[in-house]
Amino acid sequence: MADRVTVIGWDGSPLTAAARSALGAATLVAGAAHHLALDEVPPHAERIRLGSVALAARRIAGHRGTAVVLADGDPGFFGVVRTLRAPEYGLEVEVVPAVSSVAAAFARAGMPWDDAQVVVAHRRTLRRAVNVCRAHTKVAVLTSPGAGPAELGLLLEGIHRTFVICEELGTERERVTILTSDKAADHTWRDPNVVIVMGGPVTAGEGGGWIAGRDPAAGPRGWALPADEYGGELGEGETDLLRAAQLARLGPRVGDLVWDIGCGSGAFATEAARCGAAVIAVDRTPYACGRTTLAARRFGVQLQVVHGTAPHILENLPEPDVVRVGGGGARVVSAVADRRPQRIVTHAATRDAAELIGRDLTEHGYEVQCALVQSVELDTRAWAEKERSVAFLLTGELARRETSR
């Protein structure tokens, strides 16, 4: 068992006295190649090239002596400290932090970053990281081989973003490049790098916020807002309570991509975007597309509006996590089910239509729920019925073994 493990963050600046002292006493040093080449690493110490942190942690746990782990930036921020502190290794960890690569990237760009989302992109999480870039105006992406600036740019096809790409921060080869997302795939980028992805109304803000990332209190309080918030009359599938039930069944969240097919006024698409999800809103009429764009602008959310008729227009859209089908009936629901989103929600005006959709979803392997949703709006001056709405609400959910994709 190692007597002590000190994790030292390195940002290219001279090591602190505490870091030099820990390194001088080390009998084992783990780090990347450029860390192990530092003059302060004792020549007699065992050296481990840091690839898998879990494998290094096992080596350290079996070492008799004093161990040091060197890591870029702040090792407690999406870094090695989390793995080293896992109970199975039994290590006592001390940390000497440095400026994180995210903080350094924003410093190079001369921008504040308390209002930024921060995500890590691996091959496995790249799609979700891209969805965050679709949904938010300022995102820092910690990249990895195979999930770098070029891959981000390719997956953001059709979405205009500005990239600030910071390569090899803190080293003599440091380079900062600013370009549009569609140009990122034209270059080869050096690892490690951080990509700041910006798009939409990015402003400095006079007083700053009170919480890091996206302010959850932005916009009006509540969900399923009334029709006048969206410019007037809504379609039959957009009534307040039905919309609230649709949101509840789908549960859109940060990292998700939501399709809203037959977006109408944009009420559902806007509210899904307010949840932090990326949204693609589809409609066959230019009027609906225009209303949706205006609604998103009014509420300060990012979404992509696609003009076209489903199901054909859906063929080239990126893979969704959850889908609301507001129009198109059983044929569109069936086409959506072929793409295997985790959840699908739609509505039907009659029981026969609901049964047809429900059978098709079942045949596609979805577990189906159906509820008759009825709402009656009352005029509170006379407590008389003002408007009545009735619809069958259908939800399809994939079996759990498929939702882990």
# chains A, B, ... in the order shown; residues from 1 in each chain; ligands from 1

$ residues_around --residues "A:Val80" --least-positions-apart "2" --cutoff "9 Å" --atoms "only C-alpha atoms" --output "ChimeraX atom specification"
/A:7,53,69,71,75-78,82-85

$ write_last_selection --atoms "N, CA and C atoms" --output "PDB file, in the first residue's frame"
ATOM      1  N   VAL A   7      -1.731  14.027  -5.771  1.00  0.00           N
ATOM      2  CA  VAL A   7      -2.115  14.311  -7.155  1.00  0.00           C
ATOM      3  C   VAL A   7      -1.777  15.772  -7.425  1.00  0.00           C
ATOM      4  N   VAL A  53      -6.509   5.080 -15.858  1.00  0.00           N
ATOM      5  CA  VAL A  53      -6.321   5.522 -14.473  1.00  0.00           C
ATOM      6  C   VAL A  53      -6.609   4.384 -13.510  1.00  0.00           C
ATOM      7  N   VAL A  69       0.876  11.435  -8.680  1.00  0.00           N
ATOM      8  CA  VAL A  69       0.202  11.363  -9.978  1.00  0.00           C
ATOM      9  C   VAL A  69       0.134  12.778 -10.534  1.00  0.00           C
ATOM     10  N   ALA A  71      -1.272  15.354 -13.488  1.00  0.00           N
ATOM     11  CA  ALA A  71      -2.396  15.441 -14.424  1.00  0.00           C
ATOM     12  C   ALA A  71      -2.531  16.876 -14.910  1.00  0.00           C
ATOM     13  N   PRO A  75      -6.969  18.394 -11.369  1.00  0.00           N
ATOM     14  CA  PRO A  75      -7.284  16.963 -11.405  1.00  0.00           C
ATOM     15  C   PRO A  75      -8.581  16.598 -10.694  1.00  0.00           C
ATOM     16  N   GLY A  76      -9.167  17.568  -9.976  1.00  0.00           N
ATOM     17  CA  GLY A  76     -10.450  17.307  -9.334  1.00  0.00           C
ATOM     18  C   GLY A  76     -11.640  17.701 -10.182  1.00  0.00           C
ATOM     19  N   PHE A  77     -11.379  18.266 -11.378  1.00  0.00           N
ATOM     20  CA  PHE A  77     -12.453  18.726 -12.263  1.00  0.00           C
ATOM     21  C   PHE A  77     -12.448  17.837 -13.502  1.00  0.00           C
ATOM     22  N   PHE A  78     -13.351  16.861 -13.543  1.00  0.00           N
ATOM     23  CA  PHE A  78     -13.363  15.851 -14.602  1.00  0.00           C
ATOM     24  C   PHE A  78     -11.989  15.194 -14.722  1.00  0.00           C
ATOM     25  N   ARG A  82     -11.312  11.464  -8.971  1.00  0.00           N
ATOM     26  CA  ARG A  82     -12.513  10.651  -8.743  1.00  0.00           C
ATOM     27  C   ARG A  82     -12.189   9.153  -8.743  1.00  0.00           C
ATOM     28  N   THR A  83     -11.375   8.730  -9.721  1.00  0.00           N
ATOM     29  CA  THR A  83     -11.017   7.310  -9.786  1.00  0.00           C
ATOM     30  C   THR A  83     -10.121   6.905  -8.632  1.00  0.00           C
ATOM     31  N   LEU A  84      -9.123   7.735  -8.326  1.00  0.00           N
ATOM     32  CA  LEU A  84      -8.175   7.384  -7.263  1.00  0.00           C
ATOM     33  C   LEU A  84      -8.844   7.293  -5.902  1.00  0.00           C
ATOM     34  N   ARG A  85      -9.930   8.032  -5.709  1.00  0.00           N
ATOM     35  CA  ARG A  85     -10.621   7.997  -4.411  1.00  0.00           C
ATOM     36  C   ARG A  85     -11.665   6.890  -4.314  1.00  0.00           C
TER      37      ARG A  85
END

$ select_by_dssp --residues "stretch 48-263 of chain A" --states "strand (DSSP E or B)" --output "MDAnalysis selection string"
chainID A and resid 48:49 66:72 93:96 117:120 138:142 144 147 162:167 175:180 193:198 257:261

$ residues_around --residues "stretch 337-344 of chain A" --least-positions-apart "2" --cutoff "8 Å" --atoms "only C-alpha atoms" --output "PyMOL selection string"
chain A and resi 250+319-325+333-335+346+361+364+395-398+402-403

$ write_last_selection --atoms "C-alpha atoms" --output "PDB file, in the first residue's frame"
ATOM      1  CA  LEU A 250     -41.221  12.325 -22.251  1.00  0.00           C
ATOM      2  CA  GLU A 319     -31.065  10.139 -33.885  1.00  0.00           C
ATOM      3  CA  PRO A 320     -33.636  11.277 -31.289  1.00  0.00           C
ATOM      4  CA  ASP A 321     -33.900  10.262 -27.639  1.00  0.00           C
ATOM      5  CA  VAL A 322     -37.591  11.127 -27.234  1.00  0.00           C
ATOM      6  CA  VAL A 323     -40.226  12.178 -29.760  1.00  0.00           C
ATOM      7  CA  ARG A 324     -43.567  13.970 -29.695  1.00  0.00           C
ATOM      8  CA  VAL A 325     -45.740  13.310 -32.727  1.00  0.00           C
ATOM      9  CA  VAL A 333     -45.617   7.205 -35.495  1.00  0.00           C
ATOM     10  CA  SER A 334     -44.565   3.979 -37.236  1.00  0.00           C
ATOM     11  CA  ALA A 335     -41.709   5.749 -39.046  1.00  0.00           C
ATOM     12  CA  THR A 346     -48.686  11.225 -29.369  1.00  0.00           C
ATOM     13  CA  LEU A 361     -46.087   0.671 -31.227  1.00  0.00           C
ATOM     14  CA  HIS A 364     -42.284  -2.264 -32.743  1.00  0.00           C
ATOM     15  CA  THR A 395     -46.977   6.780 -24.736  1.00  0.00           C
ATOM     16  CA  GLY A 396     -44.588   4.144 -26.044  1.00  0.00           C
ATOM     17  CA  GLU A 397     -41.466   3.222 -24.097  1.00  0.00           C
ATOM     18  CA  LEU A 398     -38.743   0.836 -25.198  1.00  0.00           C
ATOM     19  CA  GLU A 402     -32.765  -1.009 -25.311  1.00  0.00           C
ATOM     20  CA  THR A 403     -32.779   2.312 -23.434  1.00  0.00           C
TER      21      THR A 403
END

$ residues_around --residues "A:Ser21" --least-positions-apart "6" --cutoff "12 Å" --atoms "only C-alpha atoms" --output "list in words"
Thr6, Ile8, Leu15, Glu40, Val41, Pro42, Thr66, Val68 and Val96 of chain A

$ closest_atom_pairs --of "stretch 252-355 of chain A" --to "stretch 107-121 of chain A" --cutoff "12 Å" --atoms "only C-alpha atoms" --output "CSV"
residue,atom,partner,partner_atom,distance
A:Val254,CA,A:Gln117,CA,10.1
A:Gly255,CA,A:Val119,CA,9.6
A:Gly276,CA,A:Gln117,CA,10.6

$ write_last_selection --atoms "N, CA and C atoms" --output "PDB file, in the first residue's frame"
ATOM      1  N   VAL A 254     -31.213  17.623 -20.203  1.00  0.00           N
ATOM      2  CA  VAL A 254     -29.935  18.020 -20.797  1.00  0.00           C
ATOM      3  C   VAL A 254     -29.247  16.794 -21.401  1.00  0.00           C
ATOM      4  N   GLY A 255     -28.774  16.933 -22.637  1.00  0.00           N
ATOM      5  CA  GLY A 255     -28.126  15.825 -23.326  1.00  0.00           C
ATOM      6  C   GLY A 255     -29.044  15.069 -24.258  1.00  0.00           C
ATOM      7  N   GLY A 276     -33.731  22.219 -21.133  1.00  0.00           N
ATOM      8  CA  GLY A 276     -32.312  22.027 -21.384  1.00  0.00           C
ATOM      9  C   GLY A 276     -32.006  21.043 -22.488  1.00  0.00           C
TER      10      GLY A 276
END

$ residues_around --residues "A:Ile178" --least-positions-apart "6" --cutoff "10 Å" --atoms "only C-alpha atoms" --output "list of chain:residue names"
A:Ala109, A:Thr162, A:Phe163, A:Val164, A:Ile165, A:Cys166, A:Ala184, A:Val195, A:Ile196

$ write_last_selection --atoms "all heavy atoms" --output "tab-separated table (two decimals), in the first residue's frame"
chain	number	residue	atom	x	y	z
A	109	ALA	N	-9.59	33.05	-24.46
A	109	ALA	CA	-10.61	33.68	-25.29
A	109	ALA	C	-11.07	35.02	-24.72
A	109	ALA	O	-11.81	35.75	-25.38
A	109	ALA	CB	-11.82	32.75	-25.43
A	162	THR	N	-19.85	28.91	-33.48
A	162	THR	CA	-18.47	29.37	-33.54
A	162	THR	C	-17.65	28.52	-32.58
A	162	THR	O	-18.05	28.31	-31.43
A	162	THR	CB	-18.37	30.86	-33.14
A	162	THR	OG1	-19.11	31.64	-34.08
A	162	THR	CG2	-16.92	31.32	-33.13
A	163	PHE	N	-16.52	28.02	-33.06
A	163	PHE	CA	-15.61	27.21	-32.25
A	163	PHE	C	-14.39	28.04	-31.87
A	163	PHE	O	-13.79	28.70	-32.72
A	163	PHE	CB	-15.11	25.98	-33.03
A	163	PHE	CG	-16.08	24.84	-33.12
A	163	PHE	CD1	-17.39	24.95	-32.68
A	163	PHE	CD2	-15.66	23.63	-33.67
A	163	PHE	CE1	-18.27	23.89	-32.79
A	163	PHE	CE2	-16.53	22.56	-33.77
A	163	PHE	CZ	-17.84	22.68	-33.33
A	164	VAL	N	-14.02	27.99	-30.59
A	164	VAL	CA	-12.71	28.46	-30.14
A	164	VAL	C	-11.97	27.20	-29.69
A	164	VAL	O	-12.31	26.59	-28.69
A	164	VAL	CB	-12.81	29.47	-28.98
A	164	VAL	CG1	-11.43	29.93	-28.55
A	164	VAL	CG2	-13.68	30.66	-29.38
A	165	ILE	N	-10.97	26.81	-30.46
A	165	ILE	CA	-10.28	25.54	-30.23
A	165	ILE	C	-8.91	25.82	-29.62
A	165	ILE	O	-8.08	26.50	-30.22
A	165	ILE	CB	-10.13	24.75	-31.55
A	165	ILE	CG1	-11.52	24.51	-32.17
A	165	ILE	CG2	-9.41	23.43	-31.31
A	165	ILE	CD1	-11.47	23.93	-33.56
A	166	CYS	N	-8.71	25.31	-28.42
A	166	CYS	CA	-7.47	25.55	-27.67
A	166	CYS	C	-6.69	24.23	-27.59
A	166	CYS	O	-7.11	23.30	-26.89
A	166	CYS	CB	-7.78	26.07	-26.27
A	166	CYS	SG	-8.77	27.59	-26.26
A	184	ALA	N	-14.45	22.98	-39.09
A	184	ALA	CA	-13.61	22.23	-38.15
A	184	ALA	C	-13.13	20.91	-38.73
A	184	ALA	O	-12.03	20.44	-38.42
A	184	ALA	CB	-14.37	21.98	-36.84
A	195	VAL	N	-12.65	22.72	-26.66
A	195	VAL	CA	-13.40	23.48	-27.66
A	195	VAL	C	-14.49	24.28	-26.95
A	195	VAL	O	-15.32	23.71	-26.24
A	195	VAL	CB	-14.05	22.56	-28.71
A	195	VAL	CG1	-14.75	23.39	-29.79
A	195	VAL	CG2	-13.01	21.65	-29.34
A	196	ILE	N	-14.46	25.59	-27.12
A	196	ILE	CA	-15.56	26.44	-26.65
A	196	ILE	C	-16.52	26.60	-27.84
A	196	ILE	O	-16.13	27.05	-28.91
A	196	ILE	CB	-15.06	27.82	-26.19
A	196	ILE	CG1	-14.05	27.66	-25.04
A	196	ILE	CG2	-16.22	28.70	-25.76
A	196	ILE	CD1	-13.37	28.97	-24.64

$ atom_distance --atom1 "atom CA of A:Asp72" --atom2 "atom CA of A:Leu169"
9.1 Å

$ select_by_dssp --residues "stretch 54-191 of chain A" --states "alpha helix (DSSP H)" --output "compact mmCIF listing (two decimals) with N, CA, C and O atoms, in the first residue's frame"
# COMPACT_ATOMS: atom_id res chain seq x y z
N ALA A 54 -7.56 3.52 -13.85
CA ALA A 54 -7.89 2.39 -12.97
C ALA A 54 -6.71 1.44 -12.84
O ALA A 54 -6.39 0.96 -11.74
N LEU A 55 -6.03 1.15 -13.96
CA LEU A 55 -4.86 0.28 -13.89
C LEU A 55 -3.75 0.91 -13.07
O LEU A 55 -3.09 0.25 -12.27
N ALA A 56 -3.54 2.23 -13.27
CA ALA A 56 -2.52 2.93 -12.49
C ALA A 56 -2.86 2.91 -11.02
O ALA A 56 -1.97 2.76 -10.17
N ALA A 57 -4.15 3.07 -10.68
CA ALA A 57 -4.57 3.07 -9.27
C ALA A 57 -4.25 1.73 -8.62
O ALA A 57 -3.82 1.68 -7.45
N ARG A 58 -4.43 0.63 -9.37
CA ARG A 58 -4.10 -0.68 -8.80
C ARG A 58 -2.59 -0.82 -8.58
O ARG A 58 -2.15 -1.38 -7.56
N ARG A 59 -1.81 -0.31 -9.54
CA ARG A 59 -0.36 -0.34 -9.36
C ARG A 59 0.05 0.48 -8.14
O ARG A 59 0.92 0.07 -7.36
N ILE A 60 -0.54 1.63 -7.99
CA ILE A 60 -0.20 2.51 -6.86
C ILE A 60 -0.60 1.87 -5.54
O ILE A 60 0.13 1.93 -4.55
N ALA A 61 -1.79 1.24 -5.54
CA ALA A 61 -2.26 0.60 -4.31
C ALA A 61 -1.31 -0.50 -3.85
O ALA A 61 -1.18 -0.77 -2.64
N VAL A 81 -8.83 12.40 -9.85
CA VAL A 81 -9.09 12.28 -8.41
C VAL A 81 -10.29 11.38 -8.13
O VAL A 81 -10.30 10.59 -7.18
N ARG A 82 -11.31 11.46 -8.97
CA ARG A 82 -12.51 10.65 -8.74
C ARG A 82 -12.19 9.15 -8.74
O ARG A 82 -12.64 8.40 -7.88
N THR A 83 -11.37 8.73 -9.72
CA THR A 83 -11.02 7.31 -9.79
C THR A 83 -10.12 6.91 -8.63
O THR A 83 -10.32 5.86 -8.00
N LEU A 84 -9.12 7.74 -8.33
CA LEU A 84 -8.17 7.38 -7.26
C LEU A 84 -8.84 7.29 -5.90
O LEU A 84 -8.38 6.56 -5.03
N SER A 101 -8.14 23.24 -17.44
CA SER A 101 -8.02 23.54 -18.86
C SER A 101 -9.22 24.34 -19.37
O SER A 101 -9.08 25.15 -20.29
N VAL A 102 -10.38 24.16 -18.75
CA VAL A 102 -11.55 24.94 -19.14
C VAL A 102 -11.37 26.41 -18.77
O VAL A 102 -11.61 27.31 -19.58
N ALA A 103 -10.92 26.65 -17.54
CA ALA A 103 -10.66 28.03 -17.12
C ALA A 103 -9.59 28.67 -17.99
O ALA A 103 -9.69 29.84 -18.39
N ALA A 104 -8.54 27.91 -18.33
CA ALA A 104 -7.47 28.44 -19.17
C ALA A 104 -7.99 28.76 -20.57
O ALA A 104 -7.63 29.79 -21.16
N ALA A 105 -8.86 27.90 -21.11
CA ALA A 105 -9.39 28.14 -22.46
C ALA A 105 -10.21 29.42 -22.50
O ALA A 105 -10.06 30.24 -23.42
N PHE A 106 -11.08 29.61 -21.51
CA PHE A 106 -11.87 30.84 -21.50
C PHE A 106 -11.00 32.06 -21.25
O PHE A 106 -11.28 33.16 -21.75
N ALA A 107 -9.93 31.90 -20.47
CA ALA A 107 -9.00 33.02 -20.27
C ALA A 107 -8.32 33.40 -21.59
O ALA A 107 -8.17 34.59 -21.89
N ARG A 108 -7.93 32.38 -22.37
CA ARG A 108 -7.32 32.69 -23.66
C ARG A 108 -8.31 33.41 -24.58
O ARG A 108 -7.92 34.27 -25.37
N ALA A 109 -9.59 33.05 -24.46
CA ALA A 109 -10.61 33.68 -25.29
C ALA A 109 -11.07 35.02 -24.72
O ALA A 109 -11.81 35.75 -25.38
N LEU A 126 -20.21 11.33 -27.16
CA LEU A 126 -20.11 12.42 -28.13
C LEU A 126 -21.48 12.94 -28.55
O LEU A 126 -21.70 14.15 -28.63
N ARG A 127 -22.41 12.04 -28.82
CA ARG A 127 -23.74 12.47 -29.29
C ARG A 127 -24.43 13.35 -28.24
O ARG A 127 -25.05 14.37 -28.57
N ARG A 128 -24.31 12.98 -26.98
CA ARG A 128 -24.96 13.78 -25.93
C ARG A 128 -24.27 15.13 -25.76
O ARG A 128 -24.91 16.14 -25.51
N ALA A 129 -22.93 15.13 -25.90
CA ALA A 129 -22.21 16.41 -25.83
C ALA A 129 -22.65 17.34 -26.95
O ALA A 129 -22.84 18.54 -26.75
N VAL A 130 -22.83 16.79 -28.15
CA VAL A 130 -23.31 17.59 -29.28
C VAL A 130 -24.70 18.13 -29.01
O VAL A 130 -25.02 19.28 -29.34
N ASN A 131 -25.55 17.33 -28.38
CA ASN A 131 -26.91 17.81 -28.06
C ASN A 131 -26.87 18.99 -27.11
O ASN A 131 -27.68 19.92 -27.21
N VAL A 132 -25.92 18.98 -26.18
CA VAL A 132 -25.77 20.14 -25.28
C VAL A 132 -25.34 21.36 -26.08
O VAL A 132 -25.82 22.48 -25.86
N CYS A 133 -24.45 21.16 -27.05
CA CYS A 133 -24.02 22.28 -27.91
C CYS A 133 -25.17 22.79 -28.77
O CYS A 133 -25.21 23.99 -29.10
N ARG A 134 -26.08 21.94 -29.16
CA ARG A 134 -27.26 22.38 -29.90
C ARG A 134 -28.17 23.25 -29.04
O ARG A 134 -28.79 24.20 -29.52
N ALA A 135 -28.26 22.91 -27.75
CA ALA A 135 -29.28 23.51 -26.89
C ALA A 135 -28.83 24.75 -26.15
O ALA A 135 -29.66 25.55 -25.72
N PRO A 149 -12.73 18.27 -32.22
CA PRO A 149 -13.38 19.36 -32.95
C PRO A 149 -13.98 18.94 -34.28
O PRO A 149 -15.07 19.39 -34.65
N ALA A 150 -13.29 18.09 -35.03
CA ALA A 150 -13.80 17.67 -36.33
C ALA A 150 -15.11 16.91 -36.19
O ALA A 150 -16.08 17.15 -36.91
N GLU A 151 -15.15 15.98 -35.22
CA GLU A 151 -16.36 15.19 -35.02
C GLU A 151 -17.51 16.06 -34.51
O GLU A 151 -18.67 15.89 -34.93
N LEU A 152 -17.21 17.01 -33.64
CA LEU A 152 -18.24 17.95 -33.18
C LEU A 152 -18.83 18.73 -34.35
O LEU A 152 -20.05 18.87 -34.47
N GLY A 153 -17.95 19.23 -35.21
CA GLY A 153 -18.42 20.01 -36.35
C GLY A 153 -19.29 19.20 -37.30
O GLY A 153 -20.31 19.69 -37.79
N LEU A 154 -18.90 17.95 -37.55
CA LEU A 154 -19.68 17.10 -38.45
C LEU A 154 -21.07 16.82 -37.89
O LEU A 154 -22.07 16.84 -38.62
N LEU A 155 -21.17 16.56 -36.61
CA LEU A 155 -22.46 16.23 -36.00
C LEU A 155 -23.34 17.46 -35.80
O LEU A 155 -24.54 17.33 -35.57
